>>> print(open('model05.cif').read())   # mmCIF, C-alpha atoms
data_coords
#
loop_
_atom_site.label_atom_id
_atom_site.label_comp_id
_atom_site.auth_asym_id
_atom_site.auth_seq_id
_atom_site.Cartn_x
_atom_site.Cartn_y
_atom_site.Cartn_z
CA MET A 1 17.27 22.25 22.63
CA LYS A 2 18.50 24.61 19.93
CA ILE A 3 19.08 23.66 16.29
CA ILE A 4 19.57 25.27 12.89
CA CYS A 5 18.85 23.32 9.74
CA ASN A 6 17.83 23.63 6.10
CA THR A 7 14.19 24.74 5.90
CA GLN A 8 13.28 22.81 2.74
CA LYS A 9 14.86 19.56 3.95
CA LEU A 10 13.19 19.81 7.36
CA SER A 11 9.83 20.55 5.72
CA GLU A 12 10.20 17.51 3.43
CA VAL A 13 11.03 15.03 6.18
CA CYS A 14 8.40 16.43 8.55
CA SER A 15 5.75 15.94 5.86
CA ASN A 16 6.82 12.31 5.46
CA VAL A 17 6.92 11.67 9.20
CA GLN A 18 3.54 13.39 9.64
CA ARG A 19 1.83 10.57 7.73
CA ALA A 20 2.40 8.30 10.73
CA VAL A 21 1.02 10.85 13.19
CA SER A 22 -2.42 10.29 14.67
CA SER A 23 -4.94 12.99 13.73
CA LYS A 24 -7.81 11.78 15.92
CA THR A 25 -6.71 10.83 19.40
CA SER A 26 -7.18 11.72 23.03
CA ILE A 27 -3.40 11.60 23.52
CA PRO A 28 -1.91 15.01 22.53
CA ALA A 29 1.65 13.64 22.43
CA ILE A 30 0.96 11.38 19.42
CA GLU A 31 -0.56 14.27 17.49
CA GLY A 32 2.95 15.65 17.44
CA ILE A 33 6.37 14.96 15.96
CA LEU A 34 9.07 14.04 18.45
CA MET A 35 12.25 16.01 17.72
CA HIS A 36 15.52 14.82 19.27
CA ALA A 37 18.72 16.80 18.74
CA PHE A 38 22.01 15.03 19.46
CA LYS A 39 25.54 15.84 18.23
CA ASP A 40 25.05 17.02 14.62
CA LYS A 41 21.81 15.15 13.91
CA LEU A 42 18.10 15.79 14.32
CA THR A 43 15.89 12.72 14.64
CA LEU A 44 12.16 13.03 13.93
CA THR A 45 9.52 10.48 14.90
CA GLY A 46 5.81 10.07 14.20
CA TYR A 47 3.81 7.23 15.75
CA ASP A 48 0.08 6.51 16.00
CA LEU A 49 0.53 3.37 18.17
CA GLU A 50 0.21 1.16 15.07
CA VAL A 51 2.67 2.58 12.55
CA GLY A 52 5.77 4.61 13.32
CA VAL A 53 8.15 6.52 11.03
CA THR A 54 11.57 7.78 12.11
CA THR A 55 14.27 9.58 10.15
CA CYS A 56 17.39 11.61 10.77
CA ILE A 57 18.82 14.71 9.06
CA ASP A 58 21.97 16.78 9.42
CA SER A 59 21.57 19.78 11.67
CA LYS A 60 23.68 22.34 13.49
CA VAL A 61 22.95 21.44 17.10
CA GLU A 62 23.80 24.30 19.42
CA GLU A 63 22.05 22.69 22.39
CA GLU A 64 21.06 19.03 22.62
CA GLY A 65 17.57 18.11 23.76
CA ASN A 66 14.12 17.06 22.61
CA ILE A 67 10.52 18.23 22.37
CA ILE A 68 7.17 17.24 20.83
CA ILE A 69 5.58 19.79 18.48
CA ASN A 70 2.10 19.46 16.99
CA ALA A 71 2.69 17.89 13.58
CA ARG A 72 0.06 19.78 11.58
CA ILE A 73 1.13 23.18 12.86
CA LEU A 74 4.84 22.44 12.43
CA CYS A 75 4.41 21.21 8.85
CA ASP A 76 2.20 24.15 7.91
CA ILE A 77 4.73 26.61 9.33
CA LEU A 78 7.72 25.02 7.59
CA LYS A 79 5.98 25.13 4.19
CA LYS A 80 5.52 28.92 4.49
CA LEU A 81 8.91 29.98 5.82
CA PRO A 82 10.81 32.41 3.53
CA CYS A 83 14.50 31.69 4.23
CA GLU A 84 16.93 28.88 3.51
CA ASN A 85 17.61 28.03 7.16
CA VAL A 86 15.37 27.81 10.21
CA SER A 87 16.21 27.78 13.90
CA ILE A 88 14.15 25.93 16.49
CA GLU A 89 14.74 26.50 20.17
CA ALA A 90 12.94 24.95 23.14
CA ASP A 91 13.39 25.60 26.87
CA GLU A 92 12.64 23.56 29.98
CA ARG A 93 9.07 24.93 30.05
CA GLN A 94 8.49 23.37 26.59
CA LEU A 95 8.16 26.80 24.98
CA CYS A 96 9.31 26.40 21.39
CA ILE A 97 10.54 29.36 19.30
CA ILE A 98 10.81 28.97 15.51
CA LYS A 99 12.73 31.68 13.67
CA CYS A 100 13.34 32.16 9.96
CA GLY A 101 14.46 35.61 8.80
CA GLU A 102 11.96 38.12 10.17
CA VAL A 103 9.40 35.39 10.92
CA GLU A 104 9.04 34.16 14.49
CA TYR A 105 6.59 31.69 16.02
CA LYS A 106 6.22 30.80 19.69
CA LEU A 107 4.54 27.44 20.24
CA VAL A 108 3.66 25.45 23.32
CA GLY A 109 5.32 22.05 22.97
CA ILE A 110 4.99 18.83 24.97
CA SER A 111 7.65 17.10 27.02
CA ALA A 112 9.35 14.23 25.21
CA ASP A 113 8.81 12.12 28.34
CA GLU A 114 5.14 11.83 27.33
CA TYR A 115 5.92 10.21 23.97
CA PRO A 116 5.20 6.46 23.78
CA GLU A 117 8.16 4.18 23.27
CA LEU A 118 8.36 2.61 19.82
CA PRO A 119 8.53 -1.21 19.74
CA SER A 120 11.92 -2.75 19.11
CA ILE A 121 12.83 -5.92 17.25
CA SER A 122 15.53 -8.29 18.39
CA GLY A 123 16.50 -11.61 16.89
CA GLY A 124 14.51 -10.95 13.74
CA TYR A 125 15.34 -12.18 10.26
CA PRO A 126 16.59 -9.47 7.86
CA VAL A 127 15.34 -9.70 4.28
CA ILE A 128 16.95 -7.53 1.58
CA ILE A 129 14.98 -6.70 -1.57
CA GLU A 130 15.21 -4.08 -4.32
CA SER A 131 12.94 -1.13 -3.52
CA GLU A 132 11.43 -1.00 -6.99
CA ILE A 133 10.56 -4.70 -6.93
CA LEU A 134 8.83 -4.49 -3.56
CA SER A 135 6.97 -1.35 -4.66
CA ASP A 136 5.66 -3.15 -7.76
CA MET A 137 4.66 -6.22 -5.74
CA ILE A 138 2.67 -4.11 -3.27
CA ARG A 139 1.03 -2.08 -6.05
CA GLN A 140 -0.04 -5.27 -7.81
CA THR A 141 -1.70 -6.78 -4.73
CA ILE A 142 -2.83 -4.06 -2.33
CA PHE A 143 -5.97 -3.27 -4.34
CA ALA A 144 -7.37 -6.69 -3.37
CA ALA A 145 -6.93 -6.24 0.39
CA ALA A 146 -10.13 -5.87 2.42
CA VAL A 147 -11.03 -2.36 3.56
CA ASN A 148 -13.61 -3.39 6.14
CA ASP A 149 -13.74 -7.01 7.10
CA ALA A 150 -14.94 -8.99 10.08
CA LYS A 151 -11.54 -10.71 9.89
CA ILE A 152 -9.08 -7.87 10.46
CA VAL A 153 -6.31 -10.11 9.15
CA HIS A 154 -7.64 -9.65 5.60
CA THR A 155 -7.03 -5.88 5.78
CA GLY A 156 -3.35 -6.78 5.48
CA LEU A 157 -1.10 -8.42 2.91
CA LYS A 158 0.40 -11.81 3.61
CA PHE A 159 4.13 -12.18 2.99
CA GLU A 160 5.47 -15.68 2.43
CA ILE A 161 9.25 -15.91 2.28
CA GLU A 162 10.92 -19.14 1.28
CA ARG A 163 14.42 -19.78 0.04
CA ASP A 164 15.05 -17.33 -2.82
CA GLN A 165 11.37 -16.43 -3.21
CA LEU A 166 8.94 -13.82 -1.88
CA ARG A 167 5.19 -14.13 -2.36
CA ILE A 168 2.65 -11.42 -1.41
CA VAL A 169 -1.06 -12.28 -1.17
CA ALA A 170 -4.15 -10.10 -0.70
CA VAL A 171 -7.81 -11.14 -0.45
CA ASP A 172 -11.09 -9.41 0.35
CA GLY A 173 -13.66 -12.20 -0.05
CA PHE A 174 -14.49 -11.27 -3.67
CA ARG A 175 -11.04 -11.31 -5.25
CA LEU A 176 -7.53 -12.54 -4.72
CA ALA A 177 -4.15 -11.18 -5.83
CA ILE A 178 -0.87 -13.10 -5.71
CA ARG A 179 2.52 -11.70 -6.73
CA THR A 180 5.74 -13.75 -6.67
CA GLU A 181 9.34 -12.68 -7.15
CA ASN A 182 12.74 -14.31 -6.80
CA ILE A 183 14.96 -12.72 -4.14
CA LYS A 184 18.23 -13.52 -2.43
CA TYR A 185 17.34 -15.04 0.92
CA THR A 186 18.92 -17.92 2.80
CA GLY A 187 17.14 -17.73 6.17
CA GLU A 188 14.28 -19.77 7.57
CA ASN A 189 10.93 -19.95 5.81
CA MET A 190 8.44 -17.54 7.35
CA SER A 191 5.10 -15.87 6.77
CA PHE A 192 3.55 -12.77 8.32
CA ILE A 193 0.76 -10.28 7.61
CA VAL A 194 1.44 -6.54 7.28
CA PRO A 195 -1.40 -3.97 7.44
CA ALA A 196 -2.17 -2.44 4.04
CA LYS A 197 -1.92 1.02 5.63
CA THR A 198 1.73 0.38 6.52
CA LEU A 199 2.57 -0.80 3.03
CA SER A 200 0.94 2.29 1.49
CA GLU A 201 3.34 4.43 3.53
CA VAL A 202 6.32 2.28 2.57
CA VAL A 203 5.57 2.74 -1.13
CA LYS A 204 5.30 6.53 -0.71
CA LEU A 205 8.79 6.66 0.83
CA ILE A 206 10.42 4.63 -1.96
CA ASN A 207 12.06 7.01 -4.44
CA ASN A 208 15.16 5.25 -5.72
CA ASP A 209 16.51 1.90 -6.91
CA GLU A 210 18.36 1.09 -3.69
CA ALA A 211 17.71 -2.09 -1.77
CA LEU A 212 15.61 -1.92 1.36
CA THR A 213 15.68 -4.18 4.38
CA LEU A 214 12.83 -5.87 6.22
CA SER A 215 13.51 -6.90 9.82
CA VAL A 216 10.79 -9.24 11.03
CA GLY A 217 10.03 -9.99 14.67
CA LYS A 218 7.24 -11.94 16.32
CA ARG A 219 4.82 -9.01 16.57
CA HIS A 220 6.40 -6.17 14.59
CA ILE A 221 8.26 -5.44 11.36
CA ILE A 222 10.69 -2.66 10.42
CA PHE A 223 11.17 -1.44 6.85
CA GLU A 224 14.43 0.41 6.31
CA VAL A 225 13.74 2.61 3.27
CA GLY A 226 16.56 5.01 2.44
CA ASN A 227 16.94 7.25 5.48
CA TYR A 228 13.57 6.25 6.95
CA ASN A 229 12.56 3.45 9.29
CA ILE A 230 8.90 2.40 9.24
CA ILE A 231 7.86 0.17 12.12
CA SER A 232 4.51 -1.56 12.22
CA ARG A 233 2.64 -4.13 14.18
CA LEU A 234 1.88 -7.38 12.39
CA LEU A 235 -1.67 -8.73 12.10
CA ASP A 236 -2.47 -11.96 13.86
CA GLY A 237 -5.08 -14.46 12.70
CA ASP A 238 -5.95 -17.18 10.21
CA PHE A 239 -5.48 -15.94 6.66
CA LEU A 240 -7.55 -17.50 3.88
CA ASP A 241 -6.19 -20.78 2.50
CA TYR A 242 -5.84 -19.23 -0.93
CA ASN A 243 -4.51 -22.38 -2.58
CA ALA A 244 -7.84 -24.08 -1.86
CA ALA A 245 -9.64 -21.17 -3.57
CA LEU A 246 -7.78 -21.57 -6.86
CA PRO A 247 -9.79 -23.41 -9.56
CA LYS A 248 -8.52 -26.90 -10.26
CA SER A 249 -9.92 -27.12 -13.81
CA LEU A 250 -10.84 -24.87 -16.71
CA SER A 251 -13.12 -25.06 -19.73
CA THR A 252 -12.06 -21.91 -21.55
CA GLU A 253 -8.74 -20.12 -21.99
CA VAL A 254 -8.48 -16.64 -23.47
CA GLU A 255 -5.51 -14.49 -24.45
CA VAL A 256 -6.31 -10.79 -24.86
CA ASN A 257 -4.50 -7.46 -25.12
CA VAL A 258 -4.71 -5.73 -21.73
CA LYS A 259 -5.11 -2.17 -22.99
CA MET A 260 -7.82 -3.07 -25.50
CA PHE A 261 -9.73 -5.03 -22.86
CA VAL A 262 -9.43 -2.22 -20.28
CA ASP A 263 -10.55 0.43 -22.78
CA SER A 264 -13.60 -1.65 -23.72
CA ILE A 265 -14.59 -2.26 -20.09
CA GLU A 266 -14.20 1.44 -19.28
CA ARG A 267 -16.46 2.38 -22.19
CA ALA A 268 -19.15 -0.03 -21.03
CA SER A 269 -18.71 1.14 -17.42
CA LEU A 270 -19.71 4.72 -18.20
CA LEU A 271 -23.33 3.78 -17.47
CA ILE A 272 -22.47 2.17 -14.12
CA THR A 273 -22.42 4.48 -11.08
CA ASP A 274 -22.40 4.04 -7.31
CA ARG A 275 -26.15 4.60 -7.39
CA LEU A 276 -26.85 2.60 -10.54
CA LYS A 277 -24.87 -0.59 -10.06
CA SER A 278 -25.05 -3.36 -12.61
CA PRO A 279 -22.85 -6.33 -13.47
CA LEU A 280 -20.67 -6.25 -16.53
CA ARG A 281 -21.79 -9.05 -18.87
CA CYS A 282 -18.96 -10.76 -20.75
CA VAL A 283 -19.49 -13.38 -23.47
CA PHE A 284 -16.41 -15.34 -24.59
CA GLU A 285 -17.04 -17.00 -27.96
CA ASP A 286 -15.57 -17.31 -31.49
CA ASN A 287 -12.41 -15.31 -30.69
CA ILE A 288 -14.48 -12.33 -29.55
CA ILE A 289 -15.21 -10.99 -26.06
CA ARG A 290 -18.59 -9.24 -26.12
CA ILE A 291 -19.00 -6.79 -23.25
CA SER A 292 -22.31 -5.17 -22.29
CA THR A 293 -24.19 -3.59 -19.41
CA ILE A 294 -27.71 -2.37 -18.69
CA THR A 295 -28.68 0.29 -16.15
CA ALA A 296 -31.51 2.79 -15.75
CA LEU A 297 -29.42 5.19 -17.87
CA GLY A 298 -29.46 2.86 -20.88
CA THR A 299 -27.39 0.11 -22.45
CA ALA A 300 -23.81 -0.17 -23.68
CA SER A 301 -22.08 -2.87 -25.70
CA ASP A 302 -18.64 -3.37 -27.18
CA LYS A 303 -16.39 -6.20 -28.31
CA VAL A 304 -12.72 -7.09 -28.23
CA PHE A 305 -10.94 -9.61 -30.41
CA ALA A 306 -9.06 -12.33 -28.52
CA GLN A 307 -7.69 -15.83 -28.88
CA ILE A 308 -10.26 -18.15 -27.29
CA GLU A 309 -9.94 -21.90 -26.83
CA GLY A 310 -12.67 -24.01 -25.27
CA SER A 311 -16.37 -23.64 -24.47
CA ARG A 312 -18.52 -20.55 -24.82
CA VAL A 313 -18.86 -18.71 -21.50
CA GLU A 314 -21.32 -15.98 -20.53
CA ILE A 315 -20.40 -14.52 -17.17
CA GLY A 316 -20.93 -11.38 -15.06
CA PHE A 317 -18.39 -9.34 -13.12
CA ASN A 318 -18.11 -6.30 -10.90
CA ASN A 319 -16.58 -3.88 -13.40
CA ARG A 320 -14.33 -2.20 -10.84
CA PHE A 321 -12.86 -5.48 -9.62
CA LEU A 322 -12.06 -6.52 -13.19
CA LEU A 323 -10.48 -3.15 -13.99
CA ASP A 324 -8.40 -3.11 -10.79
CA ALA A 325 -6.88 -6.48 -11.68
CA LEU A 326 -6.22 -5.66 -15.34
CA LYS A 327 -4.64 -2.30 -14.50
CA ALA A 328 -2.28 -4.06 -12.09
CA CYS A 329 -0.95 -6.25 -14.91
CA ASP A 330 2.48 -5.19 -16.16
CA VAL A 331 2.37 -7.18 -19.41
CA GLU A 332 0.95 -6.46 -22.86
CA ASN A 333 -1.29 -9.53 -23.03
CA VAL A 334 -2.86 -11.69 -20.32
CA LYS A 335 -4.43 -15.12 -20.16
CA LEU A 336 -7.94 -15.45 -18.73
CA LYS A 337 -8.91 -18.87 -17.40
CA LEU A 338 -12.62 -19.70 -16.95
CA ASN A 339 -14.68 -22.72 -15.95
CA GLY A 340 -18.27 -21.71 -16.60
CA PRO A 341 -20.45 -18.81 -15.44
CA LEU A 342 -20.34 -19.54 -11.71
CA SER A 343 -16.62 -20.21 -11.21
CA PRO A 344 -14.00 -17.52 -10.61
CA ILE A 345 -11.91 -16.10 -13.43
CA THR A 346 -8.14 -16.16 -13.05
CA ILE A 347 -5.87 -13.67 -14.80
CA VAL A 348 -2.23 -14.64 -15.33
CA PRO A 349 0.67 -13.57 -17.57
CA PRO A 350 1.02 -15.66 -20.75
CA GLN A 351 4.52 -16.94 -20.14
CA SER A 352 5.39 -16.65 -16.46
CA GLU A 353 3.94 -17.16 -12.98
CA ASN A 354 4.79 -13.74 -11.52
CA PHE A 355 1.19 -12.84 -10.72
CA LEU A 356 -2.26 -14.35 -10.45
CA PHE A 357 -5.51 -12.44 -9.96
CA LEU A 358 -8.77 -14.20 -9.16
CA ILE A 359 -12.22 -12.58 -9.26
CA LEU A 360 -15.53 -14.12 -8.24
CA PRO A 361 -18.34 -13.74 -10.80
CA VAL A 362 -21.64 -11.93 -10.30
CA ARG A 363 -24.74 -13.94 -11.06
CA LEU A 364 -26.56 -12.56 -14.10
CA LYS A 365 -30.34 -12.07 -13.90
CA ASN A 366 -31.22 -14.47 -16.68
CA GLU A 367 -29.45 -17.36 -14.93
CA SER A 368 -31.49 -19.81 -12.91
#
>>> encode(input="model05.cif", output="structure tokens")
Amino acid sequence: MKIICNTQKLSEVCSNVQRAVSSKTSIPAIEGILMHAFKDKLTLTGYDLEVGVTTCIDSKVEEEGNIIINARILCDILKKLPCENVSIEADERQLCIIKCGEVEYKLVGISADEYPELPSISGGYPVIIESEILSDMIRQTIFAAAVNDAKIVHTGLKFEIERDQLRIVAVDGFRLAIRTENIKYTGENMSFIVPAKTLSEVVKLINNDEALTLSVGKRHIIFEVGNYNIISRLLDGDFLDYNAALPKSLSTEVEVNVKMFVDSIERASLLITDRLKSPLRCVFEDNIIRISTITALGTASDKVFAQIEGSRVEIGFNNRFLLDALKACDVENVKLKLNGPLSPITIVPPQSENFLFLILPVRLKNES
């Protein structure tokens, strides 16, 4: 193999592909990037046996072929090269020579035959959605996905696609996030669960307003984002019946400015640390939300004006969970729905059903 291509472009795509490369493995081949030169294109692949990223760039191919090069070393080298173009040459002994101006590296590569084959999808259902919309939907739900859970299925986000509608759901046992958007789709109804790790990589590769395509198979999914393909396994298992978790009644409804509420919670949270944990006490009464906390460092209290209808409620929350949900809201004001101190709070937009966040309360010490 022998190629010449733009140094900056190759460095950029290698850095993106590297995110799918395994850093801790006993298989040297998947610590590398697979480079395949054919005609006037160079294809690059990273794959950690769960998530794979492939892309293709223009290149002057003087000799077709392929090789695996350690991803970390390759990316580090490309970032430091001084000239506009770089040449990469590999022989049948897998000796790789990288040249750029007066700089030359000789690296020991790995045969492409040792690279695992990426899964393929046939007979899947393509779904087309605007990149920016999907990015917002993931951002507004991924914070509620479980990080470590006995049910691995909850470390992913559930996609539910019905005619003209996409719903994404995340849950971690303490909170729930639901985001709904209208899309153009005329295929069969389907649902599947995508690992949160995969979706984090998808969001990082979105950088324009173009539409992207999801191709869904029985066990895998492919996201076509610009010039990148991200392939991932799907999670299998019984996802929480989130509709059953939604409160069926409410005693108090509150409308509050998101920024004012967030600022107040952050002020009260200054006394809460990883070592000194304490619930955030919220009292909803007389069009005022009183917020307070007590830790070994001292006490903090604040209040926010709001429109409150219904019964007085005094309730405790994990401050971080409440902040995560409020910061994911993309509206000026939100509605808070409560049903006493032991029922979850739901956070919804005032005049639409685009999102719903649910947070379980924390029992306060003075409650029986």
>>> residues_around(input="model05.cif", residues="Asp324 (chain A)", least_positions_apart="4", cutoff="8 Å", atoms="all atoms listed in the file", output="list of chain:residue names")
A:Phe143, A:Arg320, A:Ala328
>>> resolve_selection(input="model05.cif", expression="the PyMOL selection byres ((chain A and resi 270-283) around 12)", output="NGL selection string")
:A and (252 or 254 or 261 or 263-269 or 284-306 or 308 or 311-323 or 338 or 340-341 or 345 or 360-367)
>>> write_last_selection(input="model05.cif", atoms="C-alpha atoms", output="short mmCIF file (atom, residue, chain, number, x, y, z; two decimals), in the frame of the given file")
data_model
loop_
_atom_site.label_atom_id
_atom_site.label_comp_id
_atom_site.auth_asym_id
_atom_site.auth_seq_id
_atom_site.Cartn_x
_atom_site.Cartn_y
_atom_site.Cartn_z
CA THR A 252 -12.06 -21.91 -21.55
CA VAL A 254 -8.48 -16.64 -23.47
CA PHE A 261 -9.73 -5.03 -22.86
CA ASP A 263 -10.55 0.43 -22.78
CA SER A 264 -13.60 -1.65 -23.72
CA ILE A 265 -14.59 -2.26 -20.09
CA GLU A 266 -14.20 1.44 -19.28
CA ARG A 267 -16.46 2.38 -22.19
CA ALA A 268 -19.15 -0.03 -21.03
CA SER A 269 -18.71 1.14 -17.42
CA PHE A 284 -16.41 -15.34 -24.59
CA GLU A 285 -17.04 -17.00 -27.96
CA ASP A 286 -15.57 -17.31 -31.49
CA ASN A 287 -12.41 -15.31 -30.69
CA ILE A 288 -14.48 -12.33 -29.55
CA ILE A 289 -15.21 -10.99 -26.06
CA ARG A 290 -18.59 -9.24 -26.12
CA ILE A 291 -19.00 -6.79 -23.25
CA SER A 292 -22.31 -5.17 -22.29
CA THR A 293 -24.19 -3.59 -19.41
CA ILE A 294 -27.71 -2.37 -18.69
CA THR A 295 -28.68 0.29 -16.15
CA ALA A 296 -31.51 2.79 -15.75
CA LEU A 297 -29.42 5.19 -17.87
CA GLY A 298 -29.46 2.86 -20.88
CA THR A 299 -27.39 0.11 -22.45
CA ALA A 300 -23.81 -0.17 -23.68
CA SER A 301 -22.08 -2.87 -25.70
CA ASP A 302 -18.64 -3.37 -27.18
CA LYS A 303 -16.39 -6.20 -28.31
CA VAL A 304 -12.72 -7.09 -28.23
CA PHE A 305 -10.94 -9.61 -30.41
CA ALA A 306 -9.06 -12.33 -28.52
CA ILE A 308 -10.26 -18.15 -27.29
CA SER A 311 -16.37 -23.64 -24.47
CA ARG A 312 -18.52 -20.55 -24.82
CA VAL A 313 -18.86 -18.71 -21.50
CA GLU A 314 -21.32 -15.98 -20.53
CA ILE A 315 -20.40 -14.52 -17.17
CA GLY A 316 -20.93 -11.38 -15.06
CA PHE A 317 -18.39 -9.34 -13.12
CA ASN A 318 -18.11 -6.30 -10.90
CA ASN A 319 -16.58 -3.88 -13.40
CA ARG A 320 -14.33 -2.20 -10.84
CA PHE A 321 -12.86 -5.48 -9.62
CA LEU A 322 -12.06 -6.52 -13.19
CA LEU A 323 -10.48 -3.15 -13.99
CA LEU A 338 -12.62 -19.70 -16.95
CA GLY A 340 -18.27 -21.71 -16.60
CA PRO A 341 -20.45 -18.81 -15.44
CA ILE A 345 -11.91 -16.10 -13.43
CA LEU A 360 -15.53 -14.12 -8.24
CA PRO A 361 -18.34 -13.74 -10.80
CA VAL A 362 -21.64 -11.93 -10.30
CA ARG A 363 -24.74 -13.94 -11.06
CA LEU A 364 -26.56 -12.56 -14.10
CA LYS A 365 -30.34 -12.07 -13.90
CA ASN A 366 -31.22 -14.47 -16.68
CA GLU A 367 -29.45 -17.36 -14.93
#
>>> residues_around(input="model05.cif", residues="region 194-205 of chain A", least_positions_apart="6", cutoff="6 Å", atoms="all atoms listed in the file", output="count of residues only")
4
>>> axis_aligned_box(input="model05.cif", around="region 49-66 of chain A", padding_each_side="4 Å", output="JSON")
{"center_x": 12.0, "center_y": 12.7, "center_z": 16.4, "size_x": 31.6, "size_y": 31.1, "size_z": 22.7}
>>> resolve_selection(input="model05.cif", expression="the PyMOL selection byres ((chain A and resi 181) around 9)", output="short mmCIF file (atom, residue, chain, number, x, y, z; two decimals) with C-alpha atoms, keeping the file's coordinate frame")
data_model
loop_
_atom_site.label_atom_id
_atom_site.label_comp_id
_atom_site.auth_asym_id
_atom_site.auth_seq_id
_atom_site.Cartn_x
_atom_site.Cartn_y
_atom_site.Cartn_z
CA ILE A 133 10.56 -4.70 -6.93
CA LEU A 134 8.83 -4.49 -3.56
CA MET A 137 4.66 -6.22 -5.74
CA ASP A 164 15.05 -17.33 -2.82
CA GLN A 165 11.37 -16.43 -3.21
CA LEU A 166 8.94 -13.82 -1.88
CA ARG A 167 5.19 -14.13 -2.36
CA ILE A 168 2.65 -11.42 -1.41
CA ARG A 179 2.52 -11.70 -6.73
CA THR A 180 5.74 -13.75 -6.67
CA ASN A 182 12.74 -14.31 -6.80
CA ILE A 183 14.96 -12.72 -4.14
CA ASN A 354 4.79 -13.74 -11.52
CA PHE A 355 1.19 -12.84 -10.72
#
